[in-house]
Each structure stands twice: as structure tokens, then as C-alpha cells.
>>> print(open('upload-v9.cif').read())   # mmCIF, C-alpha atoms
data_query
#
loop_
_atom_site.label_atom_id
_atom_site.label_comp_id
_atom_site.auth_asym_id
_atom_site.auth_seq_id
_atom_site.Cartn_x
_atom_site.Cartn_y
_atom_site.Cartn_z
CA MET G 1016 111.07 -86.26 -84.56
CA PRO G 1017 112.64 -89.71 -84.09
CA GLU G 1018 111.40 -92.65 -86.15
CA ILE G 1019 109.75 -95.38 -84.09
CA PRO G 1020 108.34 -98.82 -84.89
CA SER G 1021 104.67 -98.89 -85.85
CA LEU G 1022 102.22 -99.33 -82.99
CA THR G 1023 99.51 -101.94 -82.67
CA VAL G 1024 96.59 -100.05 -81.11
CA GLN G 1025 93.73 -101.53 -79.13
CA LYS G 1026 90.79 -99.91 -77.37
CA VAL G 1027 90.55 -101.48 -73.93
CA ALA G 1028 87.46 -99.83 -72.40
CA GLU G 1029 84.98 -96.96 -72.60
CA ALA G 1030 82.53 -95.37 -70.20
CA ASN G 1031 80.39 -92.31 -69.56
CA LEU G 1032 82.25 -89.27 -68.26
CA PRO G 1033 80.01 -86.48 -66.93
CA THR G 1034 82.09 -83.32 -66.42
CA GLU G 1035 81.54 -79.67 -65.59
CA PHE G 1036 82.00 -79.03 -69.31
CA GLY G 1037 79.32 -81.48 -70.39
CA GLN G 1038 78.65 -85.16 -71.03
CA PHE G 1039 81.54 -87.08 -72.61
CA ARG G 1040 82.50 -90.68 -73.29
CA ILE G 1041 85.96 -91.70 -72.16
CA HIS G 1042 87.85 -94.31 -74.21
CA GLY G 1043 91.05 -96.02 -73.06
CA PHE G 1044 93.67 -97.09 -75.62
CA GLU G 1045 96.86 -99.11 -75.49
CA GLY G 1046 99.56 -99.06 -78.13
CA THR G 1047 102.38 -101.62 -78.30
CA ALA G 1048 105.44 -101.94 -80.52
CA GLU G 1049 108.20 -104.44 -79.71
CA THR G 1050 109.22 -103.53 -76.13
CA ARG G 1051 107.42 -100.18 -76.12
CA ARG G 1052 103.99 -99.72 -74.58
CA GLU G 1053 101.94 -96.52 -74.50
CA GLU G 1054 98.59 -95.55 -73.01
CA ALA G 1055 96.25 -92.70 -73.84
CA ILE G 1056 92.62 -91.77 -73.43
CA ALA G 1057 90.19 -89.99 -75.68
CA VAL G 1058 87.41 -87.89 -74.21
CA VAL G 1059 84.71 -87.71 -76.86
CA MET G 1060 81.55 -85.65 -77.23
CA GLY G 1061 78.90 -86.14 -79.91
CA ASP G 1062 79.04 -88.00 -83.19
CA VAL G 1063 82.58 -87.74 -84.56
CA SER G 1064 82.04 -90.22 -87.39
CA THR G 1065 80.42 -87.72 -89.77
CA PRO G 1066 82.43 -86.42 -92.78
CA GLU G 1067 82.72 -82.86 -91.47
CA PRO G 1068 86.09 -81.96 -89.89
CA VAL G 1069 86.22 -82.81 -86.19
CA LEU G 1070 87.62 -80.53 -83.49
CA VAL G 1071 90.57 -82.35 -81.88
CA ARG G 1072 93.06 -81.55 -79.15
CA ILE G 1073 96.14 -83.70 -78.44
CA HIS G 1074 97.12 -82.92 -74.85
CA SER G 1075 100.21 -84.25 -73.09
CA GLN G 1076 99.86 -85.14 -69.42
CA CYS G 1077 101.08 -82.45 -67.03
CA LEU G 1078 100.60 -83.52 -63.43
CA THR G 1079 101.91 -80.28 -61.99
CA GLY G 1080 99.68 -78.11 -64.17
CA ASP G 1081 96.60 -80.25 -64.74
CA VAL G 1082 96.31 -81.50 -61.15
CA PHE G 1083 98.19 -79.05 -58.91
CA HIS G 1084 97.32 -75.90 -60.90
CA SER G 1085 100.98 -74.93 -61.38
CA LEU G 1086 101.53 -71.50 -62.89
CA ARG G 1087 104.88 -72.50 -64.45
CA CYS G 1088 103.12 -73.63 -67.65
CA ASP G 1089 99.89 -73.12 -69.58
CA CYS G 1090 98.89 -76.79 -69.70
CA ARG G 1091 95.84 -76.84 -67.45
CA ALA G 1092 94.42 -73.68 -69.04
CA GLN G 1093 94.88 -75.20 -72.50
CA LEU G 1094 93.14 -78.40 -71.41
CA GLU G 1095 90.16 -76.51 -70.03
CA LEU G 1096 89.98 -74.28 -73.10
CA SER G 1097 89.93 -77.41 -75.28
CA LEU G 1098 87.15 -79.10 -73.32
CA GLN G 1099 85.14 -75.89 -73.43
CA ALA G 1100 85.66 -75.59 -77.18
CA VAL G 1101 84.55 -79.18 -77.82
CA ALA G 1102 81.50 -78.65 -75.63
CA ALA G 1103 80.64 -75.42 -77.47
CA ALA G 1104 80.94 -77.23 -80.82
CA GLY G 1105 78.84 -80.13 -79.54
CA ARG G 1106 81.25 -82.70 -80.98
CA GLY G 1107 84.94 -83.44 -80.89
CA LEU G 1108 87.59 -85.16 -78.84
CA VAL G 1109 90.48 -84.46 -76.54
CA ILE G 1110 93.26 -87.05 -76.58
CA TYR G 1111 95.22 -87.15 -73.31
CA GLU G 1112 98.53 -88.97 -73.62
CA LYS G 1113 101.07 -89.93 -70.97
CA LYS G 1114 104.00 -87.80 -72.13
CA GLU G 1115 104.90 -85.91 -68.98
CA GLY G 1116 107.53 -83.22 -69.41
CA ARG G 1117 107.49 -83.46 -73.23
CA GLY G 1118 108.26 -87.15 -72.85
CA ILE G 1119 111.04 -87.15 -70.23
CA GLY G 1120 108.85 -88.41 -67.39
CA LEU G 1121 107.64 -86.95 -64.11
CA LEU G 1122 110.78 -87.19 -61.98
CA ASN G 1123 113.01 -85.89 -64.76
CA LYS G 1124 110.54 -83.05 -65.21
CA ILE G 1125 111.04 -82.09 -61.55
CA ARG G 1126 114.80 -82.29 -62.11
CA ALA G 1127 114.31 -79.96 -65.08
CA TYR G 1128 112.32 -77.59 -62.86
CA GLU G 1129 115.27 -77.50 -60.46
CA LEU G 1130 117.59 -76.49 -63.31
CA GLN G 1131 115.08 -73.88 -64.47
CA ASP G 1132 115.07 -72.41 -60.96
CA SER G 1133 118.81 -71.85 -61.47
CA GLY G 1134 118.27 -69.98 -64.75
CA ALA G 1135 117.94 -72.59 -67.52
CA ASP G 1136 115.00 -72.39 -69.91
CA THR G 1137 112.94 -75.51 -70.66
CA ILE G 1138 115.09 -76.55 -73.62
CA GLU G 1139 118.38 -75.99 -71.79
CA ALA G 1140 117.12 -77.93 -68.76
CA ASN G 1141 116.14 -80.96 -70.85
CA GLU G 1142 119.46 -80.89 -72.69
CA GLN G 1143 121.45 -80.63 -69.45
CA LEU G 1144 119.67 -83.80 -68.34
CA GLY G 1145 120.73 -85.54 -71.56
CA PHE G 1146 117.41 -85.31 -73.43
CA GLU G 1147 116.26 -83.62 -76.59
CA SER G 1148 114.08 -80.56 -76.13
CA ASP G 1149 110.95 -82.57 -77.00
CA LEU G 1150 110.80 -86.38 -77.09
CA ARG G 1151 107.14 -86.63 -78.01
CA VAL G 1152 105.90 -88.48 -81.08
CA TYR G 1153 102.25 -88.59 -82.05
CA GLU G 1154 101.77 -92.04 -83.55
CA LEU G 1155 99.30 -93.18 -80.88
CA PRO G 1156 97.11 -90.05 -81.06
CA ALA G 1157 97.01 -90.38 -84.86
CA ALA G 1158 95.97 -94.02 -84.54
CA ILE G 1159 93.24 -93.07 -82.07
CA ILE G 1160 91.91 -90.45 -84.48
CA ARG G 1161 91.83 -93.06 -87.25
CA HIS G 1162 90.09 -95.51 -84.89
CA PHE G 1163 87.10 -93.18 -84.85
CA GLY G 1164 87.05 -93.06 -88.65
CA ILE G 1165 88.18 -89.43 -88.69
CA THR G 1166 90.13 -88.36 -91.77
CA ASN G 1167 90.16 -84.57 -91.37
CA VAL G 1168 90.38 -82.43 -88.28
CA ARG G 1169 90.30 -78.93 -86.92
CA LEU G 1170 93.31 -79.16 -84.63
CA LEU G 1171 93.43 -77.18 -81.40
CA THR G 1172 97.14 -76.45 -81.13
CA ASN G 1173 99.93 -73.91 -81.20
CA ASN G 1174 102.53 -76.58 -82.00
CA PRO G 1175 103.42 -77.05 -85.67
CA ASP G 1176 104.97 -80.47 -84.89
CA LYS G 1177 101.51 -81.84 -84.11
CA ILE G 1178 100.17 -80.59 -87.42
CA ALA G 1179 103.09 -82.15 -89.31
CA ALA G 1180 102.72 -85.46 -87.46
CA LEU G 1181 99.03 -85.82 -88.27
CA GLU G 1182 99.53 -84.79 -91.90
CA ALA G 1183 102.34 -87.35 -92.21
CA SER G 1184 100.01 -90.04 -90.88
CA GLY G 1185 97.40 -89.29 -93.56
CA ILE G 1186 95.04 -87.15 -91.45
CA GLU G 1187 94.22 -83.82 -93.06
CA VAL G 1188 94.44 -80.78 -90.80
CA VAL G 1189 91.94 -78.48 -92.49
CA GLU G 1190 92.28 -75.79 -89.85
CA ARG G 1191 94.59 -74.92 -86.99
CA VAL G 1192 92.50 -73.60 -84.13
CA PRO G 1193 94.68 -71.50 -81.78
CA CYS G 1194 94.92 -72.87 -78.24
CA GLN G 1195 96.43 -69.80 -76.61
CA VAL G 1196 95.51 -68.74 -73.11
CA ILE G 1197 96.35 -65.66 -71.09
CA GLY G 1198 99.82 -65.88 -69.58
CA ASN G 1199 100.80 -65.01 -66.03
CA GLY G 1200 103.91 -63.62 -64.42
CA GLU G 1201 105.24 -67.09 -63.64
CA ASN G 1202 105.19 -68.56 -67.15
CA ALA G 1203 106.42 -65.65 -69.29
CA VAL G 1204 109.86 -67.18 -69.98
CA TYR G 1205 108.28 -70.59 -70.61
CA LEU G 1206 105.94 -69.15 -73.25
CA ARG G 1207 108.69 -67.05 -74.83
CA THR G 1208 110.87 -70.17 -75.14
CA LYS G 1209 108.01 -72.02 -76.82
CA LYS G 1210 107.63 -69.23 -79.34
CA ASP G 1211 111.22 -68.23 -80.01
CA ARG G 1212 113.08 -71.53 -79.69
CA MET G 1213 110.43 -74.17 -80.50
CA GLY G 1214 108.45 -72.36 -83.16
CA HIS G 1215 105.09 -72.48 -81.42
CA LEU G 1216 102.49 -70.24 -82.99
CA LEU G 1217 101.88 -67.79 -80.16
CA GLU G 1218 100.95 -64.13 -80.04
CA LEU G 1219 103.13 -62.64 -77.30
#
>>> encode(input="upload-v9.cif", output="C-alpha cells")
Amino acid sequence: MPEIPSLTVQKVAEANLPTEFGQFRIHGFEGTAETRREEAIAVVMGDVSTPEPVLVRIHSQCLTGDVFHSLRCDCRAQLELSLQAVAAAGRGLVIYEKKEGRGIGLLNKIRAYELQDSGADTIEANEQLGFESDLRVYELPAAIIRHFGITNVRLLTNNPDKIAALEASGIEVVERVPCQVIGNGENAVYLRTKKDRMGHLLEL
């Protein structure tokens, strides 16, 4: 993961967010560092300030999956699983950060899709566009977790990079909670690439 200047993080607003999964509060955050500016939200249920480990999901924006129900990935299913899990636990948070296409941006993600249609996997497509396989860093999500006074988490993830990033920031990951959903015929290569080439903890 690349090193980046430290962010100054500010909460800019919060409001009620009734959903089909239950009643949440939505918090908006802005992080700035030199010329870099990031935004993220945290969808929170219950009291997360208690000492017990908090269930947390860090979810990267996926317009095609989250909004248009694309079957090319597992993003929307993971997001819904996470909201359901937090609701079942009665407390926790889902951090939603603007890191479309593992950080390459929406239009570059569509360019990567075009390359994938010609046979490239997700890593090869990003590299052909001149990017690393995954540009995401997790400084802002870690700062948001600390904002709520949380020091230890049960992290909903299959990605060991997220675990390492939180541990490096001083947040203890006491448990990795699998965030695996049932695949479909369209995303089999995508999931296999995650497992075999990116080290994601998937049972395939």
C-alpha cells in the first residue's frame, strides 16, 4: 500500500437514516491532506461507544453493483449482507468510501470493464490502464472508526489488506467476520482472481 500524508478528518453532518434493514444514523466525513480530499459516510446502528468489539464493514463505492445491480462483482450483495449483519447484532457501522474501481475512478472502471470483456482479469485490466491492481488506502475509514471512540472491531471482510491497515493504525481486529456471498455465473472469474491473485479469504 502506498504511503500518504496524514489526513485531517472532520465530521460535517449526521441525520436519521431509516432503511429496510432498520433504523440507522448516517454521518458524513471529510478528510483533507495537502491537495488531497476524500469523503466517506458511516451508517451507524446502536451504541458503538461501549468497550465490546464493534461489528464494522469498510465498503468501497461500486456504482455498477450497488446501484445498477451488476452481476460482474459481489459488491452489492456484500453491502446488503453487512447491513443485515449490523442490524442482527443491534449495533455496528458500515463505512462507505468513494473508491470506485479499487480507487481508479468510475470512467476508468468502465474502461477496465471493456478490457475484461476482451479477456483480461481485473488485475490485468487495471495494469493495462497504467494503475496498480488496488489503489485503495484505508486511512480515512480508520480515522472514522477512531472518531467513534472504537479501539477494537469485528471486521466484516475477506480482504487481508483491510485487516492490516486497521491494525497498523492502532485499531485491534479481534475477529475477521467472513463477508462471502453466493457467486453467480457472471462473476466466477472475478472471485477467482480475488482469491488466487489478491489473497482474499474466500471459499471457492
>>> closest_residue(input="upload-v9.cif", among="G:Tyr1153, G:Phe1036, G:Tyr1205, G:Phe1044", to="Thr1023 in chain G", atoms="only C-alpha atoms")
G:Phe1044
>>> resolve_selection(input="upload-v9.cif", expression="the PyMOL selection byres ((chain G and resi 1168-1183) around 7)", output="list in words")
Pro1068, Val1069, Leu1070, Val1071, Arg1072, Tyr1153, Ala1157, Thr1166, Asn1167, Ser1184, Gly1185, Ile1186, Glu1187, Val1188, Val1189, Glu1190, Arg1191, Val1192, Pro1193, Cys1194, His1215, Leu1216 and Leu1217 of chain G
>>> atom_distance(input="upload-v9.cif", atom1="CA of Gly1046 in chain G", atom2="CA of Gln1025 in chain G")
6.4 Å
>>> closest_residue(input="upload-v9.cif", among="G:Ala1127, G:Val1027, G:Val1196, G:Ala1048", to="Ala1140 in chain G", atoms="all atoms listed in the file")
G:Ala1127
>>> atom_distance(input="upload-v9.cif", atom1="CA of Ala1103 in chain G", atom2="CA of Gln1195 in chain G")
16.8 Å
>>> resolve_selection(input="upload-v9.cif", expression="the PyMOL selection byres ((chain G and resi 1032) around 12)", output="list in words")
Glu1029, Ala1030, Asn1031, Pro1033, Thr1034, Glu1035, Phe1036, Gly1037, Gln1038, Phe1039, Arg1040, Ile1041, His1042, Ile1056, Ala1057, Val1058, Val1059 and Met1060 of chain G
>>> write_last_selection(input="upload-v9.cif", atoms="C-alpha atoms", output="PDB file, keeping the file's coordinate frame")
ATOM      1  CA  GLU G1029      84.980 -96.960 -72.600  1.00  0.00           C
ATOM      2  CA  ALA G1030      82.530 -95.370 -70.200  1.00  0.00           C
ATOM      3  CA  ASN G1031      80.390 -92.310 -69.560  1.00  0.00           C
ATOM      4  CA  PRO G1033      80.010 -86.480 -66.930  1.00  0.00           C
ATOM      5  CA  THR G1034      82.090 -83.320 -66.420  1.00  0.00           C
ATOM      6  CA  GLU G1035      81.540 -79.670 -65.590  1.00  0.00           C
ATOM      7  CA  PHE G1036      82.000 -79.030 -69.310  1.00  0.00           C
ATOM      8  CA  GLY G1037      79.320 -81.480 -70.390  1.00  0.00           C
ATOM      9  CA  GLN G1038      78.650 -85.160 -71.030  1.00  0.00           C
ATOM     10  CA  PHE G1039      81.540 -87.080 -72.610  1.00  0.00           C
ATOM     11  CA  ARG G1040      82.500 -90.680 -73.290  1.00  0.00           C
ATOM     12  CA  ILE G1041      85.960 -91.700 -72.160  1.00  0.00           C
ATOM     13  CA  HIS G1042      87.850 -94.310 -74.210  1.00  0.00           C
ATOM     14  CA  ILE G1056      92.620 -91.770 -73.430  1.00  0.00           C
ATOM     15  CA  ALA G1057      90.190 -89.990 -75.680  1.00  0.00           C
ATOM     16  CA  VAL G1058      87.410 -87.890 -74.210  1.00  0.00           C
ATOM     17  CA  VAL G1059      84.710 -87.710 -76.860  1.00  0.00           C
ATOM     18  CA  MET G1060      81.550 -85.650 -77.230  1.00  0.00           C
TER      19      MET G1060
END
>>> resolve_selection(input="upload-v9.cif", expression="the PyMOL selection byres ((chain G and resi 1077) around 8)", output="tab-separated table (two decimals) with C-alpha atoms, in the frame of the given file")
chain	number	residue	atom	x	y	z
G	1075	SER	CA	100.21	-84.25	-73.09
G	1076	GLN	CA	99.86	-85.14	-69.42
G	1078	LEU	CA	100.60	-83.52	-63.43
G	1079	THR	CA	101.91	-80.28	-61.99
G	1080	GLY	CA	99.68	-78.11	-64.17
G	1081	ASP	CA	96.60	-80.25	-64.74
G	1082	VAL	CA	96.31	-81.50	-61.15
G	1090	CYS	CA	98.89	-76.79	-69.70
G	1091	ARG	CA	95.84	-76.84	-67.45
G	1114	LYS	CA	104.00	-87.80	-72.13
G	1115	GLU	CA	104.90	-85.91	-68.98
G	1116	GLY	CA	107.53	-83.22	-69.41
>>> atom_distance(input="upload-v9.cif", atom1="CA of Ile1138 in chain G", atom2="CA of Lys1209 in chain G")
9.0 Å
>>> axis_aligned_box(input="upload-v9.cif", around="range 1068-1079 of chain G", padding_each_side="6 Å", output="AutoDock Vina command-line options")
--center_x 94.0 --center_y -82.7 --center_z -75.9 --size_x 27.8 --size_y 16.9 --size_z 39.9
>>> closest_residue(input="upload-v9.cif", among="G:Phe1083, G:Tyr1128, G:Phe1163, G:Tyr1111", to="Ser1064 in chain G", atoms="only C-alpha atoms")
G:Phe1163
>>> closest_residue(input="upload-v9.cif", among="G:Val1063, G:Ala1135, G:Leu1022, G:Leu1155", to="Thr1050 in chain G", atoms="all atoms listed in the file")
G:Leu1022
>>> closest_residue(input="upload-v9.cif", among="G:Ile1197, G:His1084, G:Glu1067, G:Asp1149", to="Met1213 in chain G", atoms="all atoms listed in the file")
G:Asp1149
>>> closest_residue(input="upload-v9.cif", among="G:Arg1051, G:Lys1026, G:Arg1087, G:Arg1212", to="Gly1200 in chain G", atoms="only C-alpha atoms")
G:Arg1087
>>> residues_around(input="upload-v9.cif", residues="Asn1141 in chain G", least_positions_apart="2", cutoff="10 Å", atoms="only C-alpha atoms", output="VMD selection string")
chain G and resid 1116 to 1117 1119 1123 to 1124 1126 to 1128 1130 to 1131 1135 to 1139 1143 to 1150
